[in-house]
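*Asks:* Contents of start.txt (compact mmCIF, C-alpha atoms):
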```txt
# COMPACT_ATOMS: atom_id res chain seq x y z
CA MET A 1 -30.80 34.12 -16.35
CA GLY A 2 -29.21 34.18 -19.76
CA TRP A 3 -25.50 34.08 -20.40
CA LYS A 4 -25.42 37.78 -21.30
CA ALA A 5 -26.86 38.72 -17.92
CA ALA A 6 -24.46 36.35 -16.17
CA GLN A 7 -21.51 38.12 -17.82
CA LYS A 8 -22.58 41.43 -16.30
CA LEU A 9 -22.73 40.21 -12.68
CA ILE A 10 -20.53 42.19 -10.30
CA GLN A 11 -17.58 40.07 -9.18
CA ASN A 12 -16.12 42.31 -6.43
CA TRP A 13 -18.90 43.88 -4.36
CA LYS A 14 -18.04 47.09 -2.54
CA ILE A 15 -21.52 47.62 -1.07
CA LEU A 16 -22.34 45.47 1.96
CA ARG A 17 -25.43 44.71 4.03
CA GLY A 18 -25.77 47.36 6.75
CA ASP A 19 -24.14 50.20 4.74
CA LYS A 20 -25.75 53.65 4.83
CA VAL A 21 -26.59 54.60 1.24
CA MET A 22 -28.28 57.38 -0.71
CA ILE A 23 -30.64 56.53 -3.57
CA THR A 24 -29.46 58.41 -6.69
CA ARG A 25 -32.22 57.47 -9.16
CA GLY A 26 -35.89 56.52 -9.06
CA LYS A 27 -38.91 57.66 -7.11
CA ASP A 28 -36.98 57.84 -3.81
CA LYS A 29 -34.10 59.88 -5.29
CA GLY A 30 -32.12 61.78 -2.65
CA GLU A 31 -33.33 59.70 0.30
CA THR A 32 -30.97 57.80 2.56
CA GLY A 33 -31.37 54.40 4.16
CA VAL A 34 -29.63 51.25 5.31
CA ILE A 35 -29.12 48.23 3.07
CA LYS A 36 -31.27 45.40 4.34
CA ARG A 37 -30.28 42.72 1.82
CA VAL A 38 -27.90 42.27 -1.12
CA VAL A 39 -29.13 40.14 -4.04
CA ARG A 40 -25.85 39.32 -5.79
CA SER A 41 -27.42 37.07 -8.44
CA GLN A 42 -29.31 40.09 -9.84
CA ASN A 43 -26.91 42.98 -8.99
CA ARG A 44 -29.60 44.44 -6.73
CA VAL A 45 -29.97 45.68 -3.15
CA ILE A 46 -32.98 46.19 -0.87
CA VAL A 47 -32.95 49.42 1.16
CA GLU A 48 -34.97 49.51 4.41
CA GLY A 49 -38.25 51.40 4.00
CA LYS A 50 -37.46 52.66 0.47
CA ASN A 51 -38.79 51.81 -3.02
CA LEU A 52 -42.08 50.54 -1.57
CA VAL A 53 -44.49 48.83 -3.95
CA LYS A 54 -47.99 47.44 -3.38
CA LYS A 55 -48.16 43.67 -3.49
CA HIS A 56 -51.43 41.75 -3.76
CA ILE A 57 -51.22 38.55 -1.70
CA LYS A 58 -53.84 35.83 -1.90
CA GLN A 59 -55.25 34.45 1.33
CA GLY A 60 -53.97 31.02 2.31
CA GLN A 61 -53.63 28.71 5.27
CA GLY A 62 -51.97 30.47 8.19
CA HIS A 63 -51.91 33.98 6.67
CA GLU A 64 -54.35 36.66 5.61
CA GLY A 65 -54.58 38.04 2.13
CA GLY A 66 -54.69 41.67 1.08
CA ILE A 67 -52.63 44.50 -0.34
CA PHE A 68 -49.30 45.03 1.40
CA SER A 69 -46.41 47.49 0.94
CA VAL A 70 -43.19 45.63 0.22
CA GLU A 71 -39.63 46.90 -0.36
CA ALA A 72 -38.63 46.23 -3.97
CA PRO A 73 -34.98 45.72 -4.94
CA LEU A 74 -33.00 48.57 -6.52
CA HIS A 75 -30.19 48.11 -9.02
CA VAL A 76 -26.81 48.59 -7.36
CA SER A 77 -25.94 51.41 -9.79
CA ASN A 78 -28.84 53.47 -8.39
CA VAL A 79 -27.42 53.69 -4.85
CA ARG A 80 -24.23 55.25 -3.49
CA VAL A 81 -22.52 54.66 -0.13
CA LEU A 82 -22.44 57.71 2.16
CA ASP A 83 -19.07 59.17 3.19
CA PRO A 84 -18.77 58.69 6.99
CA VAL A 85 -17.17 62.15 7.45
CA THR A 86 -19.05 64.43 5.02
CA GLY A 87 -22.32 62.49 4.78
CA LYS A 88 -22.37 62.88 0.99
CA PRO A 89 -22.59 60.04 -1.54
CA CYS A 90 -19.23 58.78 -2.76
CA LYS A 91 -17.51 56.01 -4.67
CA VAL A 92 -15.93 53.15 -2.76
CA GLY A 93 -12.26 52.24 -3.17
CA ILE A 94 -10.12 49.57 -1.56
CA ARG A 95 -6.77 50.07 0.18
CA TYR A 96 -4.46 47.93 2.25
CA LEU A 97 -3.18 49.28 5.57
CA GLU A 98 0.42 48.89 6.80
CA ASP A 99 -0.50 45.73 8.73
CA GLY A 100 -2.00 44.20 5.55
CA THR A 101 -5.70 44.51 6.41
CA LYS A 102 -8.04 45.33 3.52
CA VAL A 103 -10.29 48.38 4.12
CA ARG A 104 -12.83 50.34 2.09
CA ILE A 105 -12.23 54.06 1.60
CA SER A 106 -14.40 56.88 0.23
CA ARG A 107 -13.38 58.18 -3.20
CA GLY A 108 -14.59 60.74 -5.71
CA GLN A 109 -15.21 64.50 -5.80
CA GLY A 110 -15.62 66.01 -2.35
CA ALA A 111 -14.84 62.72 -0.62
CA SER A 112 -12.75 62.75 2.53
CA GLU A 113 -10.65 59.66 1.58
CA SER A 114 -11.57 58.27 5.01
CA ILE A 115 -12.05 54.61 5.91
CA ILE A 116 -15.61 53.32 5.57
CA PRO A 117 -16.14 51.05 8.62
CA ARG A 118 -17.42 47.50 8.19
CA PRO A 119 -21.10 47.36 9.28
CA GLU A 120 -21.73 45.92 12.76
CA ILE A 121 -24.54 43.70 11.47
CA LEU A 122 -22.02 41.60 9.51
CA LYS A 123 -20.19 40.67 12.73
CA ILE A 124 -23.32 38.97 14.09
CA ARG A 125 -23.86 35.44 12.81
CA THR A 126 -27.41 34.72 11.71
CA THR A 127 -27.11 31.06 12.75
CA PRO A 128 -24.82 30.50 15.73
CA ARG A 129 -22.25 27.74 15.54
CA PRO A 130 -23.19 24.66 17.55
CA THR A 131 -21.25 24.43 20.81
CA ILE A 132 -22.40 21.01 22.01
CA VAL A 133 -21.40 17.72 20.42
CA GLY A 134 -24.30 16.01 18.67
CA PRO A 135 -24.85 12.33 17.88
CA LYS A 136 -23.58 12.76 14.27
CA ASP A 137 -20.43 14.71 15.18
CA THR A 138 -17.06 12.98 14.95
CA PRO A 139 -15.24 12.79 18.31
CA MET A 140 -12.16 15.03 18.57
CA ASP A 141 -9.76 12.15 19.32
CA LEU A 142 -10.63 10.56 15.94
CA VAL A 143 -10.34 13.90 14.16
CA LEU A 144 -6.85 14.57 15.54
CA GLU A 145 -5.61 11.02 14.92
CA LYS A 146 -2.76 10.82 12.38
CA THR A 147 -3.73 8.34 9.67
CA TYR A 148 -1.33 9.24 6.85
CA ASP A 149 2.45 9.28 6.69
CA ALA A 150 3.64 11.94 4.24
CA LYS A 151 7.18 10.59 3.91
CA SER A 152 6.22 7.06 2.89
CA GLY A 153 3.01 8.10 1.12
CA ARG A 154 1.05 5.30 2.75
CA ALA A 155 -1.73 5.10 5.29
CA ASP A 156 -0.89 4.30 8.89
CA SER A 157 -1.05 0.59 9.78
CA SER A 158 -3.36 1.29 12.71
CA ASN A 159 -5.82 2.97 10.33
CA SER A 160 -9.36 1.72 10.56
CA GLY A 161 -9.60 2.04 6.76
CA GLU A 162 -7.35 -1.01 6.41
CA ALA A 163 -10.28 -3.17 7.45
CA PHE A 164 -11.91 -2.35 4.12
CA ALA A 165 -8.95 -3.83 2.23
CA SER A 166 -9.70 -7.32 3.53
CA ILE A 167 -13.32 -7.30 2.31
CA ASP A 168 -13.84 -9.27 -0.90
CA LEU A 169 -15.62 -6.92 -3.31
CA ARG A 170 -15.93 -9.43 -6.15
CA ILE A 171 -19.46 -10.28 -7.23
CA PRO A 172 -20.00 -13.93 -8.21
CA LEU A 173 -21.04 -14.38 -11.83
CA ILE A 174 -24.14 -16.50 -12.18
CA ARG A 175 -24.72 -18.06 -15.58
CA LYS A 176 -27.96 -19.61 -16.72
CA ALA A 177 -27.61 -22.97 -18.33
```
Can you present the structure in this file as C-alpha cells?

*Replies:*
Amino acid sequence: MGWKAAQKLIQNWKILRGDKVMITRGKDKGETGVIKRVVRSQNRVIVEGKNLVKKHIKQGQGHEGGIFSVEAPLHVSNVRVLDPVTGKPCKVGIRYLEDGTKVRISRGQGASESIIPRPEILKIRTTPRPTIVGPKDTPMDLVLEKTYDAKSGRADSSNSGEAFASIDLRIPLIRKA
C-alpha cells in the first residue's frame, strides 16, 4: 500500500462486525445483510452472502479444485448501517450517556436518533482465555511480589535480580604475540 492510500484509511470505525447493513451501490444494491468481517487495512467489509464472485481454485493436497462462489469485500462507503427502529439505512453518530458510556446512535434524514446496540458476536471471544496454569506461566506469588521501592527509587534487597549484579560480565582480552 502506498502512502497516499495509507493517508485515506479510516481512523475511527463506526461499522462493526455483526452489524445489519444495506448495500447502497453495486450489483447487490438495496439488499441487506450482516457484516461478516471488517478489513480495516483496506477500508472494506465483507457482507454475508452478498457480492458473490466466482473464484477458480487449483486442486492441491487435501482440497479439491474447481469454481467456487466467494464473498468479495465491499468498500465501506458502499454500505450503510440499518436504523434499529425504522429499518432504513442511516449514518452512525457517537454520543456519551449520563454514566459516561460511549454508544452509537442513528443519524441522518428519517433516522430515529435511537441507540444502535453493540452486536452480540463481539461479546464472544474467538479464542478463550486460558484458565489453567501452564509450564511457561509465572506463578502468582512471584507476580505479586514487590520488587521496587518507589520512595527510594531502588530495587528491593530481596530481589532475585540482585544476583545478576555479582556476575562478572567482563570478557578477557586475548592478544596474539

*Asks:* Given all atoms listed in the file as the basis, pick out the residue of A:Asn51, A:Ser112, A:Thr86, A:Thr147 nearest to A:Glu71.

*Replies:*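 Once distances to A:Glu71 are computed over all atoms listed in the file, the minimum belongs to A:Asn51.
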
*Asks:* Pick from A:Gly153, A:Gly93, A:Pro73, A:Pro128: nearest to A:Asn43, with only C-alpha atoms counted?

*Replies:*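 Between A:Gly153, A:Gly93, A:Pro73, A:Pro128, the residue approaching A:Asn43 most closely is A:Pro73.
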
*Asks:* Between atom CA of A:Met22 and atom CA of A:Val39, what is the distance, to one decimal in Å?

*Replies:* 17.6 Å

*Asks:* Calculate how many Å separate atom CA of A:Arg118 from atom CA of A:Lys14, rounding to one decimal.

*Replies:* 10.8 Å

*Asks:* Nearest to A:Asn12: which of A:Ile46, A:Ile121, A:Pro84, A:Val92 is it, counting only C-alpha atoms?

*Replies:*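 Using only C-alpha atoms, the shortest distance to A:Asn12 belongs to A:Val92.
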
*Asks:* Give me, please, the distance in Å between atom CA of A:Pro119 and atom CA of A:Glu98, quoted to one decimal.

*Replies:*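 That distance, rounded to one decimal, is 21.7 Å.
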
*Asks:* Using all atoms listed in the file, which of the listed residues (A:Ile35, A:Leu52, A:Leu16, A:Ile105) sits closest to A:Leu122?

*Replies:* A:Leu16

*Asks:* Find the residue from A:Ala72, A:Asp99, A:Trp13, A:Lys4 that sits nearest to A:Arg40; use only C-alpha atoms when measuring.

*Replies:*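 Of A:Ala72, A:Asp99, A:Trp13, A:Lys4, the one nearest A:Arg40, counting only C-alpha atoms, is A:Trp13.
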
*Asks:* I'd like to know which of A:Lys146, A:Gln42, A:Val76, A:Ile15 is closest to A:Ile94, using all atoms listed in the file.

*Replies:*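 Of all the options, A:Ile15 lies closest to A:Ile94.
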
*Asks:* In the coordinates of the file, take the point (-27.9, 46.4, 1.0) and a cut-off of 10 Å; then, counting all atoms listed in the file, name each qualifying protein, DNA or RNA residue as a list in words.

*Replies:* Ile15, Leu16, Arg17, Gly18, Asp19, Lys20, Val21, Gly33, Val34, Ile35, Lys36, Arg37, Val38, Val39, Arg44, Val45, Ile46, Val47, Glu48, Pro73, Leu74, Val76, Val79 and Val81 of chain A

*Asks:* Would you compute, for all listed atoms of stretch 134-138 of chain A, the axis-aligned bounding box grown by 8 Å on each side, and then report its centre and edge lengths in Å rounded to one decimal, as JSON?

*Replies:*
```
{"center_x": -21.0, "center_y": 14.2, "center_z": 16.5, "size_x": 23.8, "size_y": 19.7, "size_z": 20.4}
```

*Asks:* Grab stretch 38-71 of chain A from that structure and dump N, CA and C atoms to a file, as a PDB file, in the first residue's frame.

*Replies:*
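Just written: out09.pdb:
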```pdb
ATOM      1  N   VAL A  38     -14.486  -7.259   8.897  1.00  0.00           N
ATOM      2  CA  VAL A  38     -14.076  -5.889   8.604  1.00  0.00           C
ATOM      3  C   VAL A  38     -12.588  -5.914   8.283  1.00  0.00           C
ATOM      4  N   VAL A  39     -12.223  -5.442   7.081  1.00  0.00           N
ATOM      5  CA  VAL A  39     -10.825  -5.388   6.658  1.00  0.00           C
ATOM      6  C   VAL A  39     -10.379  -3.937   6.786  1.00  0.00           C
ATOM      7  N   ARG A  40      -9.847  -3.581   7.952  1.00  0.00           N
ATOM      8  CA  ARG A  40      -9.514  -2.176   8.230  1.00  0.00           C
ATOM      9  C   ARG A  40      -8.334  -1.679   7.412  1.00  0.00           C
ATOM     10  N   SER A  41      -7.436  -2.555   7.008  1.00  0.00           N
ATOM     11  CA  SER A  41      -6.259  -2.121   6.246  1.00  0.00           C
ATOM     12  C   SER A  41      -6.626  -1.686   4.832  1.00  0.00           C
ATOM     13  N   GLN A  42      -7.848  -2.023   4.371  1.00  0.00           N
ATOM     14  CA  GLN A  42      -8.269  -1.655   3.016  1.00  0.00           C
ATOM     15  C   GLN A  42      -9.561  -0.847   3.000  1.00  0.00           C
ATOM     16  N   ASN A  43     -10.089  -0.470   4.179  1.00  0.00           N
ATOM     17  CA  ASN A  43     -11.377   0.240   4.292  1.00  0.00           C
ATOM     18  C   ASN A  43     -12.507  -0.569   3.664  1.00  0.00           C
ATOM     19  N   ARG A  44     -12.511  -1.871   3.858  1.00  0.00           N
ATOM     20  CA  ARG A  44     -13.513  -2.726   3.235  1.00  0.00           C
ATOM     21  C   ARG A  44     -14.193  -3.621   4.260  1.00  0.00           C
ATOM     22  N   VAL A  45     -15.405  -4.097   3.894  1.00  0.00           N
ATOM     23  CA  VAL A  45     -16.157  -5.027   4.733  1.00  0.00           C
ATOM     24  C   VAL A  45     -16.649  -6.179   3.861  1.00  0.00           C
ATOM     25  N   ILE A  46     -16.852  -7.336   4.478  1.00  0.00           N
ATOM     26  CA  ILE A  46     -17.429  -8.490   3.782  1.00  0.00           C
ATOM     27  C   ILE A  46     -18.809  -8.732   4.376  1.00  0.00           C
ATOM     28  N   VAL A  47     -19.838  -8.725   3.518  1.00  0.00           N
ATOM     29  CA  VAL A  47     -21.213  -8.927   3.952  1.00  0.00           C
ATOM     30  C   VAL A  47     -21.599 -10.372   3.627  1.00  0.00           C
ATOM     31  N   GLU A  48     -22.227 -11.051   4.596  1.00  0.00           N
ATOM     32  CA  GLU A  48     -22.580 -12.466   4.443  1.00  0.00           C
ATOM     33  C   GLU A  48     -23.506 -12.683   3.254  1.00  0.00           C
ATOM     34  N   GLY A  49     -23.088 -13.544   2.325  1.00  0.00           N
ATOM     35  CA  GLY A  49     -23.921 -13.942   1.199  1.00  0.00           C
ATOM     36  C   GLY A  49     -24.120 -12.888   0.126  1.00  0.00           C
ATOM     37  N   LYS A  50     -23.418 -11.773   0.182  1.00  0.00           N
ATOM     38  CA  LYS A  50     -23.576 -10.694  -0.803  1.00  0.00           C
ATOM     39  C   LYS A  50     -22.269 -10.474  -1.549  1.00  0.00           C
ATOM     40  N   ASN A  51     -22.368  -9.834  -2.731  1.00  0.00           N
ATOM     41  CA  ASN A  51     -21.232  -9.528  -3.597  1.00  0.00           C
ATOM     42  C   ASN A  51     -20.438 -10.799  -3.923  1.00  0.00           C
ATOM     43  N   LEU A  52     -21.159 -11.835  -4.337  1.00  0.00           N
ATOM     44  CA  LEU A  52     -20.528 -13.117  -4.652  1.00  0.00           C
ATOM     45  C   LEU A  52     -19.814 -13.045  -5.989  1.00  0.00           C
ATOM     46  N   VAL A  53     -18.606 -13.577  -6.035  1.00  0.00           N
ATOM     47  CA  VAL A  53     -17.833 -13.667  -7.264  1.00  0.00           C
ATOM     48  C   VAL A  53     -17.378 -15.114  -7.428  1.00  0.00           C
ATOM     49  N   LYS A  54     -17.114 -15.506  -8.680  1.00  0.00           N
ATOM     50  CA  LYS A  54     -16.625 -16.858  -8.968  1.00  0.00           C
ATOM     51  C   LYS A  54     -15.110 -16.877  -8.825  1.00  0.00           C
ATOM     52  N   LYS A  55     -14.609 -17.847  -8.104  1.00  0.00           N
ATOM     53  CA  LYS A  55     -13.175 -17.952  -7.886  1.00  0.00           C
ATOM     54  C   LYS A  55     -12.722 -19.320  -8.388  1.00  0.00           C
ATOM     55  N   HIS A  56     -11.703 -19.320  -9.238  1.00  0.00           N
ATOM     56  CA  HIS A  56     -11.146 -20.559  -9.758  1.00  0.00           C
ATOM     57  C   HIS A  56     -10.023 -20.989  -8.823  1.00  0.00           C
ATOM     58  N   ILE A  57     -10.169 -22.187  -8.240  1.00  0.00           N
ATOM     59  CA  ILE A  57      -9.174 -22.670  -7.282  1.00  0.00           C
ATOM     60  C   ILE A  57      -8.551 -23.951  -7.837  1.00  0.00           C
ATOM     61  N   LYS A  58      -7.230 -23.960  -7.872  1.00  0.00           N
ATOM     62  CA  LYS A  58      -6.487 -25.108  -8.379  1.00  0.00           C
ATOM     63  C   LYS A  58      -6.512 -26.240  -7.361  1.00  0.00           C
ATOM     64  N   GLN A  59      -6.550 -27.461  -7.853  1.00  0.00           N
ATOM     65  CA  GLN A  59      -6.558 -28.623  -6.964  1.00  0.00           C
ATOM     66  C   GLN A  59      -5.194 -28.772  -6.299  1.00  0.00           C
ATOM     67  N   GLY A  60      -5.208 -29.132  -5.031  1.00  0.00           N
ATOM     68  CA  GLY A  60      -3.967 -29.333  -4.295  1.00  0.00           C
ATOM     69  C   GLY A  60      -4.126 -30.459  -3.295  1.00  0.00           C
ATOM     70  N   GLN A  61      -3.115 -30.652  -2.476  1.00  0.00           N
ATOM     71  CA  GLN A  61      -3.186 -31.708  -1.477  1.00  0.00           C
ATOM     72  C   GLN A  61      -4.204 -31.335  -0.410  1.00  0.00           C
ATOM     73  N   GLY A  62      -5.151 -32.222  -0.155  1.00  0.00           N
ATOM     74  CA  GLY A  62      -6.121 -32.019   0.906  1.00  0.00           C
ATOM     75  C   GLY A  62      -7.359 -31.248   0.502  1.00  0.00           C
ATOM     76  N   HIS A  63      -7.419 -30.701  -0.730  1.00  0.00           N
ATOM     77  CA  HIS A  63      -8.633 -29.994  -1.156  1.00  0.00           C
ATOM     78  C   HIS A  63      -8.827 -30.169  -2.654  1.00  0.00           C
ATOM     79  N   GLU A  64     -10.100 -30.113  -3.045  1.00  0.00           N
ATOM     80  CA  GLU A  64     -10.445 -30.242  -4.457  1.00  0.00           C
ATOM     81  C   GLU A  64     -10.376 -28.887  -5.141  1.00  0.00           C
ATOM     82  N   GLY A  65     -10.163 -28.912  -6.421  1.00  0.00           N
ATOM     83  CA  GLY A  65     -10.176 -27.688  -7.204  1.00  0.00           C
ATOM     84  C   GLY A  65     -11.543 -27.470  -7.819  1.00  0.00           C
ATOM     85  N   GLY A  66     -11.718 -26.353  -8.492  1.00  0.00           N
ATOM     86  CA  GLY A  66     -12.980 -26.069  -9.141  1.00  0.00           C
ATOM     87  C   GLY A  66     -13.299 -24.591  -9.126  1.00  0.00           C
ATOM     88  N   ILE A  67     -14.562 -24.294  -9.462  1.00  0.00           N
ATOM     89  CA  ILE A  67     -15.036 -22.911  -9.473  1.00  0.00           C
ATOM     90  C   ILE A  67     -15.986 -22.748  -8.299  1.00  0.00           C
ATOM     91  N   PHE A  68     -15.664 -21.821  -7.412  1.00  0.00           N
ATOM     92  CA  PHE A  68     -16.448 -21.619  -6.199  1.00  0.00           C
ATOM     93  C   PHE A  68     -16.965 -20.188  -6.148  1.00  0.00           C
ATOM     94  N   SER A  69     -18.105 -19.978  -5.479  1.00  0.00           N
ATOM     95  CA  SER A  69     -18.626 -18.635  -5.226  1.00  0.00           C
ATOM     96  C   SER A  69     -18.086 -18.153  -3.890  1.00  0.00           C
ATOM     97  N   VAL A  70     -17.452 -16.995  -3.905  1.00  0.00           N
ATOM     98  CA  VAL A  70     -16.817 -16.437  -2.719  1.00  0.00           C
ATOM     99  C   VAL A  70     -17.326 -15.012  -2.516  1.00  0.00           C
ATOM    100  N   GLU A  71     -17.490 -14.599  -1.245  1.00  0.00           N
ATOM    101  CA  GLU A  71     -17.913 -13.238  -0.939  1.00  0.00           C
ATOM    102  C   GLU A  71     -16.723 -12.296  -1.106  1.00  0.00           C
TER     103      GLU A  71
END
```
